[in-house]
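Here is the structure we will look at, set down as structure tokens.
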Amino acid sequence: MDTATRPPVEQIRSWLDQVPDPEIPVISLVDLGIIRDLAWEGDTLVVTVTPTYSGCPATAVINLEIENALHARGIARVELRRRLSPAWTTDWISDAGRRKLQGYGIAPPVAGTAGCNLGGDAAPTVACPHCGSTATRLVSQFGSTPCKAAYRCTDCLEPFDYFKCH
Amino acid sequence: MAATAPAAHPATVPGETLFEYALRLGDNGLILGHRVSEWCGVSPVLEEDIALANVALDLIGQATLWLGLAAELEGKGRSADELAFLRDAGGFRNLLLVEQPNGDFAQTLARQYFFDAWHHPLLAALATSSEPRIAEIAEKASKEAAYHLNRSRDLVVRLGDGTPESHGRMQRSVDDLWPYTGELFLADPVDEAMAAAGAAPALSDIRALWDAEVSATLAQATLRRPEPGYVQKGGKRGVHSEHLGFLLAEMQFLQRAYPGARW
């Protein structure tokens, strides 16, 4: 792809905003905050990605989905770079992403509390995504995926996932 | 957590020392991750099954990063997978604690808690390492280790201060695994070279944090802290208990039977 016909990175970002997270398909990779940088180096598009969890099994799938989405848009040469530092934090999840999680039945991470569980501080107050009550109880720190904890609402009695702050 | 690596120092660490250090961190994560994964599908309750699988996943993910770094530092063309699956027991550098069998749930938890109470402050200090490739992995891993420590500490207290049955099992596990905790803090020339260069904290600093953490938790759990005694050691130089060979026989089977097999 010669320099004159390279799509601008803003355009590419909007394409990646349509690529769903493989485990929580209601939010996009851009919503999740893991796409850290997009830059052209000659005819190669360099996509810098910060992983969520070290052992997240979705990481390999995410890389594949990025490549597939960009190839489908006509970008032949894509290079993925892993950036570990600064480490991913749930504070990078977009406001749109938080609203989508809520609508999907997953309580979004309580804003600004990344690191709240480091060192054993009390867990934040989490609102039930179904009825809005804050009378909720932690069932387990570890839920259906590494990024979620299991909660239960003591008002509407529904169990729900909480996207834990990290 | 207050231990930090000393401020940047002119001393540099030889590549083979960094390789050895990364290998130890990777092997601890890999072997404990594999052990914990043995609970998958057979835990006492569903929530614990999921939690243990998640902890195992974090540890194996961290091991992938550490062994990837070790492979790069070694520069002999070996990959992280080759380091994981093609070394024999004598080549592994993990602590003896992490290769101990799961036993009952109390033994698994005591092993996890003793490890987490060491792992988290170590990683937090390594996040300020003078060696950036170590710092960036530690920064990521320390956030995960904080969740592990919160969980294992909580369960040690609940079982220790639980029924007579759970209390008895928890105390027996603490007593049985205690001889393996001394090795967490035994510094050898690799640890000393790393600390001197500001690339890793002094293990004596980590010991002070571990002691305070473990004493407070055991007291809260109504468990007796064992007296100092004989220290089992050797893991860092490849001298292991009889349990590691059996673990490797299972973990490495596929790559040994079908060399180079890929997903």
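Chain lettering (A, B, ...) mirrors the order of the structure tokens, residue numbering begins at 1 for each chain separately, and ligand numbering begins at 1 in order of display.
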Exercise answer, chain B residues close to chain A, 6 Å and only C-alpha atoms, as a PyMOL selection string: chain B and resi 51+54+57-58+61-62+136+140+146+150
Members of region 1-156 of chain A assigned alpha helix (DSSP H) by DSSP, as an NGL selection string: :A and (9-16 or 29-32 or 58-72 or 95-104)
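Taking only C-alpha atoms into account, Gln18 (chain A) lies nearest to A:Asp31 out of the set A:Cys156, A:Asp31, A:Thr90, A:Val49.
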All residues 9 Å or closer to Arg99 (chain A), only C-alpha atoms, same chain fewer than 5 positions away omitted, as a PyMOL selection string: chain A and resi 94+104+108
Those same residues, written as a PDB file, in the first residue's frame with N, CA and C atoms?
ATOM      1  N   SER A  94     -13.661   2.627  27.941  1.00  0.00           N
ATOM      2  CA  SER A  94     -14.330   3.882  27.573  1.00  0.00           C
ATOM      3  C   SER A  94     -15.689   4.004  28.259  1.00  0.00           C
ATOM      4  N   TYR A 104     -25.617  -5.038  29.129  1.00  0.00           N
ATOM      5  CA  TYR A 104     -25.443  -6.463  28.824  1.00  0.00           C
ATOM      6  C   TYR A 104     -25.598  -7.302  30.089  1.00  0.00           C
ATOM      7  N   PRO A 108     -20.123  -2.648  35.338  1.00  0.00           N
ATOM      8  CA  PRO A 108     -18.816  -2.147  34.909  1.00  0.00           C
ATOM      9  C   PRO A 108     -17.927  -1.846  36.109  1.00  0.00           C
TER      10      PRO A 108
END
